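Source file: data.cif; contents: mmCIF, C-alpha atoms.
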```cif
data_data
loop_
_atom_site.group_PDB
_atom_site.id
_atom_site.type_symbol
_atom_site.label_atom_id
_atom_site.label_comp_id
_atom_site.auth_asym_id
_atom_site.auth_seq_id
_atom_site.Cartn_x
_atom_site.Cartn_y
_atom_site.Cartn_z
ATOM 1 C CA MET R 1 0.000 0.000 0.000
ATOM 2 C CA GLU R 2 1.403 3.395 -1.006
ATOM 3 C CA LEU R 3 1.994 5.736 1.899
ATOM 4 C CA PHE R 4 0.118 8.934 1.197
ATOM 5 C CA ASN R 5 1.961 11.293 3.501
ATOM 6 C CA GLN R 6 4.216 13.439 1.312
ATOM 7 C CA SER R 7 3.779 17.188 1.190
ATOM 8 C CA SER R 8 3.518 17.032 -2.603
ATOM 9 C CA SER R 9 0.686 14.494 -2.576
ATOM 10 C CA ARG R 10 -2.810 15.576 -3.508
ATOM 11 C CA PHE R 11 -6.277 14.562 -2.377
ATOM 12 C CA ILE R 12 -9.032 13.919 -4.910
ATOM 13 C CA LEU R 13 -12.447 15.237 -3.929
ATOM 14 C CA LEU R 14 -15.162 12.974 -5.316
ATOM 15 C CA GLY R 15 -17.725 15.794 -5.266
ATOM 16 C CA PHE R 16 -21.410 15.817 -4.463
ATOM 17 C CA SER R 17 -22.417 13.383 -7.204
ATOM 18 C CA THR R 18 -20.764 11.388 -9.987
ATOM 19 C CA VAL R 19 -23.914 11.080 -12.145
ATOM 20 C CA PRO R 20 -23.445 13.392 -15.205
ATOM 21 C CA TYR R 21 -26.968 14.854 -15.437
ATOM 22 C CA LEU R 22 -27.092 15.324 -11.646
ATOM 23 C CA GLU R 23 -23.800 17.207 -11.820
ATOM 24 C CA VAL R 24 -25.299 19.709 -14.277
ATOM 25 C CA ILE R 25 -28.423 20.147 -12.145
ATOM 26 C CA GLY R 26 -26.221 20.415 -9.056
ATOM 27 C CA PHE R 27 -23.999 23.055 -10.639
ATOM 28 C CA ILE R 28 -26.968 25.262 -11.556
ATOM 29 C CA THR R 29 -28.565 24.768 -8.137
ATOM 30 C CA PHE R 30 -25.361 25.479 -6.176
ATOM 31 C CA LEU R 31 -24.581 28.524 -8.323
ATOM 32 C CA LEU R 32 -28.035 30.008 -7.717
ATOM 33 C CA MET R 33 -27.783 29.287 -3.993
ATOM 34 C CA TYR R 34 -24.360 30.925 -3.804
ATOM 35 C CA LEU R 35 -25.492 34.027 -5.704
ATOM 36 C CA ILE R 36 -28.549 34.362 -3.452
ATOM 37 C CA THR R 37 -26.281 33.956 -0.406
ATOM 38 C CA LEU R 38 -23.975 36.751 -1.563
ATOM 39 C CA LEU R 39 -26.754 39.125 -2.630
ATOM 40 C CA ALA R 40 -29.019 38.537 0.393
ATOM 41 C CA ASN R 41 -26.250 38.899 2.981
ATOM 42 C CA LEU R 42 -24.649 41.910 1.264
ATOM 43 C CA LEU R 43 -28.060 43.567 1.012
ATOM 44 C CA LEU R 44 -28.691 42.990 4.717
ATOM 45 C CA ILE R 45 -25.293 44.515 5.590
ATOM 46 C CA ILE R 46 -26.050 47.540 3.384
ATOM 47 C CA VAL R 47 -29.520 47.917 4.929
ATOM 48 C CA VAL R 48 -28.096 48.001 8.457
ATOM 49 C CA ARG R 49 -25.469 50.555 7.435
ATOM 50 C CA PHE R 50 -28.071 52.652 5.594
ATOM 51 C CA ASN R 51 -30.723 52.805 8.339
ATOM 52 C CA LEU R 52 -29.587 54.595 11.511
ATOM 53 C CA LYS R 53 -32.473 52.990 13.434
ATOM 54 C CA LEU R 54 -30.722 49.660 12.958
ATOM 55 C CA HIS R 55 -27.452 50.779 14.557
ATOM 56 C CA THR R 56 -28.112 48.659 17.637
ATOM 57 C CA PRO R 57 -26.246 45.727 19.236
ATOM 58 C CA MET R 58 -28.631 43.163 17.716
ATOM 59 C CA TYR R 59 -27.964 44.367 14.176
ATOM 60 C CA PHE R 60 -24.256 44.810 14.856
ATOM 61 C CA PHE R 61 -24.062 41.078 15.535
ATOM 62 C CA LEU R 62 -26.407 40.366 12.624
ATOM 63 C CA VAL R 63 -23.925 42.109 10.316
ATOM 64 C CA ASN R 64 -21.185 39.918 11.791
ATOM 65 C CA LEU R 65 -23.362 36.867 11.123
ATOM 66 C CA SER R 66 -23.966 37.919 7.515
ATOM 67 C CA PHE R 67 -20.257 38.457 6.926
ATOM 68 C CA ILE R 68 -19.500 35.037 8.443
ATOM 69 C CA ASP R 69 -22.139 33.432 6.200
ATOM 70 C CA ILE R 70 -20.615 35.026 3.092
ATOM 71 C CA CYS R 71 -17.143 33.786 4.030
ATOM 72 C CA PHE R 72 -18.429 30.391 5.201
ATOM 73 C CA SER R 73 -20.205 29.719 1.923
ATOM 74 C CA THR R 74 -17.278 31.091 -0.109
ATOM 75 C CA THR R 75 -14.917 28.672 1.624
ATOM 76 C CA VAL R 76 -16.800 25.691 0.178
ATOM 77 C CA VAL R 77 -19.196 26.497 -2.684
ATOM 78 C CA PRO R 78 -16.845 28.025 -5.337
ATOM 79 C CA LYS R 79 -14.570 24.980 -5.093
ATOM 80 C CA LEU R 80 -17.639 22.728 -5.290
ATOM 81 C CA LEU R 81 -18.781 24.556 -8.450
ATOM 82 C CA TYR R 82 -15.342 24.217 -10.022
ATOM 83 C CA ASN R 83 -15.030 20.527 -9.173
ATOM 84 C CA THR R 84 -18.532 19.810 -10.493
ATOM 85 C CA LEU R 85 -17.377 20.618 -14.033
ATOM 86 C CA ALA R 86 -13.605 20.081 -13.833
ATOM 87 C CA LYS R 87 -11.891 16.847 -14.834
ATOM 88 C CA ASP R 88 -9.110 17.363 -12.296
ATOM 89 C CA ARG R 89 -10.685 17.404 -8.837
ATOM 90 C CA SER R 90 -7.451 17.120 -6.923
ATOM 91 C CA VAL R 91 -6.342 19.519 -4.196
ATOM 92 C CA SER R 92 -2.966 19.835 -2.532
ATOM 93 C CA ARG R 93 -2.504 19.144 1.153
ATOM 94 C CA LEU R 94 -1.976 22.884 1.698
ATOM 95 C CA GLU R 95 -5.202 23.800 -0.133
ATOM 96 C CA CYS R 96 -7.063 21.155 1.836
ATOM 97 C CA ALA R 97 -5.620 22.390 5.145
ATOM 98 C CA VAL R 98 -6.477 26.033 4.380
ATOM 99 C CA GLN R 99 -10.040 25.135 3.417
ATOM 100 C CA MET R 100 -10.479 23.054 6.571
ATOM 101 C CA HIS R 101 -9.018 25.840 8.714
ATOM 102 C CA PHE R 102 -11.417 28.496 7.444
ATOM 103 C CA HIS R 103 -14.358 26.093 7.530
ATOM 104 C CA LEU R 104 -13.748 25.176 11.180
ATOM 105 C CA ALA R 105 -12.919 28.762 12.206
ATOM 106 C CA LEU R 106 -15.956 30.336 10.557
ATOM 107 C CA GLY R 107 -18.219 27.558 11.826
ATOM 108 C CA SER R 108 -17.006 28.194 15.373
ATOM 109 C CA ALA R 109 -17.400 31.953 14.945
ATOM 110 C CA GLU R 110 -21.011 31.454 13.872
ATOM 111 C CA CYS R 111 -21.680 29.362 16.994
ATOM 112 C CA PHE R 112 -20.205 32.151 19.121
ATOM 113 C CA ILE R 113 -22.128 34.965 17.403
ATOM 114 C CA LEU R 114 -25.445 33.099 17.617
ATOM 115 C CA ALA R 115 -24.853 32.634 21.357
ATOM 116 C CA VAL R 116 -24.056 36.337 21.786
ATOM 117 C CA MET R 117 -27.219 37.243 19.864
ATOM 118 C CA ALA R 118 -29.247 35.114 22.288
ATOM 119 C CA TYR R 119 -27.581 36.923 25.205
ATOM 120 C CA ASP R 120 -28.466 40.240 23.564
ATOM 121 C CA ARG R 121 -32.151 39.234 23.416
ATOM 122 C CA PHE R 122 -31.927 38.125 27.063
ATOM 123 C CA ALA R 123 -30.547 41.523 28.070
ATOM 124 C CA ALA R 124 -33.171 43.395 26.023
ATOM 125 C CA ILE R 125 -36.164 41.467 27.398
ATOM 126 C CA CYS R 126 -35.066 40.488 30.912
ATOM 127 C CA LYS R 127 -32.868 43.487 31.795
ATOM 128 C CA PRO R 128 -34.317 46.372 29.752
ATOM 129 C CA LEU R 129 -33.291 49.107 32.223
ATOM 130 C CA HIS R 130 -29.655 47.970 32.136
ATOM 131 C CA TYR R 131 -29.559 47.009 28.445
ATOM 132 C CA ASN R 132 -27.425 49.943 27.271
ATOM 133 C CA THR R 133 -24.867 49.188 29.971
ATOM 134 C CA ILE R 134 -24.829 45.413 29.442
ATOM 135 C CA MET R 135 -24.577 45.715 25.656
ATOM 136 C CA SER R 136 -22.511 48.873 25.322
ATOM 137 C CA ARG R 137 -20.628 49.553 22.093
ATOM 138 C CA LYS R 138 -17.304 48.614 23.702
ATOM 139 C CA ILE R 139 -18.651 45.308 25.019
ATOM 140 C CA CYS R 140 -20.185 44.452 21.623
ATOM 141 C CA ILE R 141 -16.900 45.102 19.809
ATOM 142 C CA ASN R 142 -14.975 43.058 22.382
ATOM 143 C CA LEU R 143 -17.405 40.136 22.079
ATOM 144 C CA ALA R 144 -17.095 40.164 18.288
ATOM 145 C CA ALA R 145 -13.291 40.366 18.506
ATOM 146 C CA VAL R 146 -13.126 37.450 20.954
ATOM 147 C CA SER R 147 -15.431 35.450 18.696
ATOM 148 C CA TRP R 148 -13.261 35.858 15.610
ATOM 149 C CA THR R 149 -9.912 35.529 17.381
ATOM 150 C CA SER R 150 -10.707 32.476 19.518
ATOM 151 C CA SER R 151 -12.336 30.668 16.588
ATOM 152 C CA PHE R 152 -9.340 31.051 14.285
ATOM 153 C CA ILE R 153 -6.856 30.108 17.023
ATOM 154 C CA SER R 154 -8.749 26.935 17.998
ATOM 155 C CA SER R 155 -9.012 25.929 14.339
ATOM 156 C CA ILE R 156 -5.240 26.100 13.840
ATOM 157 C CA SER R 157 -4.593 23.438 16.479
ATOM 158 C CA GLN R 158 -7.211 21.064 15.004
ATOM 159 C CA VAL R 159 -5.926 21.420 11.443
ATOM 160 C CA THR R 160 -2.274 21.079 12.444
ATOM 161 C CA TYR R 161 -2.946 17.880 14.351
ATOM 162 C CA THR R 162 -5.085 16.468 11.518
ATOM 163 C CA PHE R 163 -2.392 16.893 8.871
ATOM 164 C CA GLN R 164 0.250 15.269 11.034
ATOM 165 C CA MET R 165 -1.561 11.982 10.428
ATOM 166 C CA SER R 166 -0.684 9.583 7.624
ATOM 167 C CA PHE R 167 -3.100 9.086 4.721
ATOM 168 C CA CYS R 168 -2.414 5.806 2.975
ATOM 169 C CA HIS R 169 -5.791 4.099 2.494
ATOM 170 C CA THR R 170 -6.677 6.149 -0.572
ATOM 171 C CA ARG R 171 -6.241 9.568 -2.131
ATOM 172 C CA HIS R 172 -9.983 9.839 -2.752
ATOM 173 C CA VAL R 173 -11.975 11.903 -0.252
ATOM 174 C CA ASN R 174 -15.635 10.908 -0.487
ATOM 175 C CA HIS R 175 -16.863 14.458 0.004
ATOM 176 C CA PHE R 176 -17.131 17.764 -1.869
ATOM 177 C CA PHE R 177 -14.674 19.614 0.403
ATOM 178 C CA CYS R 178 -11.994 18.886 2.962
ATOM 179 C CA GLU R 179 -14.086 18.283 6.060
ATOM 180 C CA LEU R 180 -12.537 16.724 9.127
ATOM 181 C CA PRO R 181 -14.723 13.558 9.429
ATOM 182 C CA ALA R 182 -14.138 12.698 5.744
ATOM 183 C CA LEU R 183 -10.352 12.923 6.142
ATOM 184 C CA LEU R 184 -10.361 10.813 9.286
ATOM 185 C CA LYS R 185 -11.968 8.001 7.282
ATOM 186 C CA ILE R 186 -8.991 7.755 4.870
ATOM 187 C CA SER R 187 -6.247 8.009 7.481
ATOM 188 C CA CYS R 188 -4.133 4.959 8.235
ATOM 189 C CA SER R 189 -3.027 6.422 11.556
ATOM 190 C CA ASP R 190 -4.747 5.525 14.796
ATOM 191 C CA THR R 191 -7.527 8.115 14.791
ATOM 192 C CA TRP R 192 -9.037 7.204 18.148
ATOM 193 C CA ILE R 193 -7.183 9.928 20.071
ATOM 194 C CA HIS R 194 -7.855 12.464 17.331
ATOM 195 C CA GLU R 195 -11.553 11.616 17.295
ATOM 196 C CA LEU R 196 -11.654 11.995 21.078
ATOM 197 C CA ILE R 197 -9.926 15.396 20.917
ATOM 198 C CA ASN R 198 -12.208 16.475 18.083
ATOM 199 C CA TYR R 199 -15.256 15.355 20.059
ATOM 200 C CA ILE R 200 -14.080 17.296 23.125
ATOM 201 C CA MET R 201 -13.343 20.430 21.065
ATOM 202 C CA ALA R 202 -16.702 20.225 19.298
ATOM 203 C CA SER R 203 -18.451 19.628 22.614
ATOM 204 C CA ILE R 204 -16.830 22.684 24.163
ATOM 205 C CA ILE R 205 -17.609 24.935 21.195
ATOM 206 C CA VAL R 206 -21.028 23.666 20.131
ATOM 207 C CA ASN R 207 -22.532 22.344 23.368
ATOM 208 C CA LEU R 208 -21.281 25.222 25.536
ATOM 209 C CA PHE R 209 -22.700 27.896 23.257
ATOM 210 C CA PHE R 210 -25.907 25.942 22.715
ATOM 211 C CA LEU R 211 -26.286 25.666 26.503
ATOM 212 C CA LEU R 212 -25.817 29.436 26.817
ATOM 213 C CA ILE R 213 -28.498 29.965 24.171
ATOM 214 C CA LEU R 214 -30.829 27.548 25.963
ATOM 215 C CA ILE R 215 -30.310 29.268 29.332
ATOM 216 C CA SER R 216 -30.910 32.679 27.752
ATOM 217 C CA TYR R 217 -34.196 31.550 26.233
ATOM 218 C CA ILE R 218 -35.369 29.905 29.444
ATOM 219 C CA HIS R 219 -34.961 33.270 31.191
ATOM 220 C CA ILE R 220 -36.608 35.026 28.238
ATOM 221 C CA LEU R 221 -39.596 32.662 28.331
ATOM 222 C CA VAL R 222 -40.022 33.147 32.079
ATOM 223 C CA SER R 223 -39.946 36.935 31.623
ATOM 224 C CA ILE R 224 -42.421 36.827 28.728
ATOM 225 C CA LEU R 225 -44.883 34.712 30.722
ATOM 226 C CA LYS R 226 -44.883 37.433 33.399
ATOM 227 C CA ILE R 227 -46.022 40.064 30.873
ATOM 228 C CA SER R 228 -49.746 40.732 31.299
ATOM 229 C CA SER R 229 -50.394 42.201 27.854
ATOM 230 C CA SER R 230 -50.794 39.585 25.098
ATOM 231 C CA HIS R 231 -49.695 42.159 22.496
ATOM 232 C CA LYS R 232 -46.443 42.797 24.357
ATOM 233 C CA ARG R 233 -45.878 39.054 24.798
ATOM 234 C CA TYR R 234 -46.300 38.527 21.057
ATOM 235 C CA LYS R 235 -43.951 41.420 20.285
ATOM 236 C CA ALA R 236 -41.279 40.028 22.625
ATOM 237 C CA LEU R 237 -41.596 36.543 21.115
ATOM 238 C CA SER R 238 -41.472 37.878 17.546
ATOM 239 C CA THR R 239 -38.112 39.538 18.199
ATOM 240 C CA CYS R 240 -36.706 36.090 19.092
ATOM 241 C CA SER R 241 -38.454 33.899 16.512
ATOM 242 C CA SER R 242 -36.003 34.526 13.647
ATOM 243 C CA HIS R 243 -33.028 33.771 15.874
ATOM 244 C CA ILE R 244 -34.619 30.577 17.179
ATOM 245 C CA ILE R 245 -35.210 29.321 13.608
ATOM 246 C CA VAL R 246 -31.604 30.076 12.597
ATOM 247 C CA VAL R 247 -30.189 28.413 15.731
ATOM 248 C CA THR R 248 -32.333 25.302 15.172
ATOM 249 C CA PHE R 249 -31.176 24.892 11.568
ATOM 250 C CA TYR R 250 -27.502 25.537 12.240
ATOM 251 C CA TYR R 251 -26.918 23.801 15.563
ATOM 252 C CA GLY R 252 -29.153 20.890 14.595
ATOM 253 C CA THR R 253 -27.131 20.001 11.501
ATOM 254 C CA ILE R 254 -23.779 20.631 13.212
ATOM 255 C CA MET R 255 -24.659 18.321 16.091
ATOM 256 C CA ILE R 256 -25.872 15.571 13.754
ATOM 257 C CA GLN R 257 -22.691 15.796 11.689
ATOM 258 C CA TYR R 258 -20.079 15.930 14.436
ATOM 259 C CA PHE R 259 -21.668 13.964 17.283
ATOM 260 C CA ARG R 260 -22.948 10.915 15.423
ATOM 261 C CA PRO R 261 -21.033 7.661 15.887
ATOM 262 C CA HIS R 262 -18.891 7.032 12.790
ATOM 263 C CA SER R 263 -20.440 3.571 12.510
ATOM 264 C CA ARG R 264 -23.800 5.187 11.720
ATOM 265 C CA SER R 265 -22.497 7.666 9.156
ATOM 266 C CA SER R 266 -22.565 7.295 5.401
ATOM 267 C CA PRO R 267 -20.989 9.468 2.677
ATOM 268 C CA ASP R 268 -24.360 10.409 1.157
ATOM 269 C CA ILE R 269 -25.805 11.532 4.487
ATOM 270 C CA ASP R 270 -22.578 13.341 5.434
ATOM 271 C CA ARG R 271 -22.575 15.298 2.165
ATOM 272 C CA SER R 272 -26.255 16.210 2.477
ATOM 273 C CA ILE R 273 -25.883 17.446 6.058
ATOM 274 C CA SER R 274 -22.726 19.407 5.196
ATOM 275 C CA LEU R 275 -24.520 21.044 2.286
ATOM 276 C CA ILE R 276 -27.262 22.287 4.620
ATOM 277 C CA TYR R 277 -24.994 24.206 6.984
ATOM 278 C CA THR R 278 -22.393 25.334 4.426
ATOM 279 C CA ALA R 279 -24.719 26.426 1.605
ATOM 280 C CA VAL R 280 -28.406 26.339 2.576
ATOM 281 C CA THR R 281 -28.211 27.970 6.023
ATOM 282 C CA PRO R 282 -26.031 30.941 4.910
ATOM 283 C CA MET R 283 -28.561 31.554 2.125
ATOM 284 C CA LEU R 284 -31.620 31.365 4.398
ATOM 285 C CA ASN R 285 -30.298 33.351 7.385
ATOM 286 C CA PRO R 286 -30.648 36.867 5.897
ATOM 287 C CA ILE R 287 -34.037 35.940 4.423
ATOM 288 C CA ILE R 288 -35.313 34.653 7.770
ATOM 289 C CA TYR R 289 -34.161 37.825 9.544
ATOM 290 C CA SER R 290 -35.658 40.103 6.869
ATOM 291 C CA VAL R 291 -39.097 38.559 6.299
ATOM 292 C CA ARG R 292 -40.463 39.376 9.771
ATOM 293 C CA ASN R 293 -38.645 42.700 10.225
ATOM 294 C CA LYS R 294 -40.550 45.845 9.174
ATOM 295 C CA ASP R 295 -37.527 48.164 9.487
ATOM 296 C CA VAL R 296 -35.424 45.953 7.238
ATOM 297 C CA LYS R 297 -38.193 45.585 4.635
ATOM 298 C CA GLU R 298 -38.885 49.337 4.573
ATOM 299 C CA THR R 299 -35.193 50.122 4.146
ATOM 300 C CA ILE R 300 -34.869 47.595 1.313
ATOM 301 C CA ARG R 301 -37.822 49.274 -0.453
ATOM 302 C CA LYS R 302 -36.121 52.662 -0.110
ATOM 303 C CA ILE R 303 -32.822 51.352 -1.425
ATOM 304 C CA LEU R 304 -34.534 49.651 -4.374
ATOM 305 C CA HIS R 305 -36.951 52.614 -4.838
ATOM 306 C CA TYR R 306 -39.857 50.204 -4.655
#
```

Reformat the file's structure so that it appears as C-alpha cells.
Amino acid sequence: MELFNQSSSRFILLGFSTVPYLEVIGFITFLLMYLITLLANLLLIIVVRFNLKLHTPMYFFLVNLSFIDICFSTTVVPKLLYNTLAKDRSVSRLECAVQMHFHLALGSAECFILAVMAYDRFAAICKPLHYNTIMSRKICINLAAVSWTSSFISSISQVTYTFQMSFCHTRHVNHFFCELPALLKISCSDTWIHELINYIMASIIVNLFFLLILISYIHILVSILKISSSHKRYKALSTCSSHIIVVTFYYGTIMIQYFRPHSRSSPDIDRSISLIYTAVTPMLNPIIYSVRNKDVKETIRKILHY
C-alpha cells in the first residue's frame, strides 16, 4: 500500500455526485444558492449601514453573522462549483488544510455569534433598564473580537494535528470539500485519540454555546410569561423567533454531523448534512431575519426605490 503522507501528494475530492446529469443540475442549483447567499447577505449589511435605526447591538451582531455566512459559503461552494465541471478534482494538502481551517474557524465563529445574539435578546427582554450598559458599544466590539480571534486560534490546532496523520488508504476523499470527518476516514493512523480530541473540542464549542443559548431563552420565556399584555408578549416573542429558527437549523445540523457515531455515518448523508450548513443555512439566514422585520423591509424598499 502506497503511503500517502508526502507534502507534494494531492487529495481527490469525489464531489457531491458522480452522475453526469445530476452534476449539471447540481452546478446550476449550487450557483443560484451561492449568488442568493452573496446578494441577500450583502443587502442585509447595506440595509443596516443605511438605516440609523438599525445601529443597535442586535444588528451589529447580525452584520457579523452575515459576513460570516458570506465567508463560510465562499470557503466551500466556489470549489464545489469548479469541481462539479472540472476533470481534475485534486487539491494539494496545503489547499485542503487552508479550506479546513477556514471552515472550522468560521463555523465556530457562527456558533459564538449566535450565542451572543441570544444573550443580547436576554438583556433586552429580561434586563431592559440595564440594556445599554450590558450591551454597550465597547462590550459588543470586544465580544465580536473574541469570537473571531478564539475561533481562528482553535481551528489552527485542530488542522495542524489532523495533517500530522498519515493518509495511505486512498487519495480519494468521499466528500465535496476537505471536512474533518471525511479525512479521518482515509487516514491509516490511529484516529481514536484524534476523534476523542475532536469530540471534546466540538463539545466545548457547540454544546457550551448551545447551553448558553438555551439558558438565555429559558430566562426570556419566564420573563415573557410574566407580561400581562398579550400584544407585548407577542412582540417580545417575535423579536426572538427569527433567531430561534436560525439556531435550530444551524446547531441541529452541526450536532448531527459531528456527534454521530462514525459507525452510523454514510458518505451520502454526510454530504447532504454538510450542504445544509455550508450552503443552505447561509442563504436562508438573511431571508429569515428580513421577512419578519418591518424596518429591514422598509429600508430595502427605499434602497430599491420600490

Open item on the list: Residue by residue, what does the PyMOL selection byres ((chain R and resi 255) around 12) grab here? Present the result as a count of residues only.
Closed with: 26

- [ ] Identify, on the basis of all atoms listed in the file, every residue whose closest approach to stretch 168-176 of chain R does not exceed 10 Å; exclude the query and any residue fewer than 5 positions from it along the same chain; express the result as an NGL selection string.
- [x] :R and (1-5 or 9-17 or 76-77 or 79-81 or 83-84 or 89-90 or 181-189 or 266-268 or 270-272 or 274-275)

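For the pair atom CA of R:Phe163 and atom CA of R:Arg93, the interatomic distance is 8.0 Å.
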
Open item on the list: Rounded to one decimal, what separation in Å do you get between atom CA of R:Phe102 and atom CA of R:His55?
Closed with: 28.4 Å

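With atom CA of R:Ile220 on one side and atom CA of R:Ile125 on the other, the separation reads 6.5 Å.
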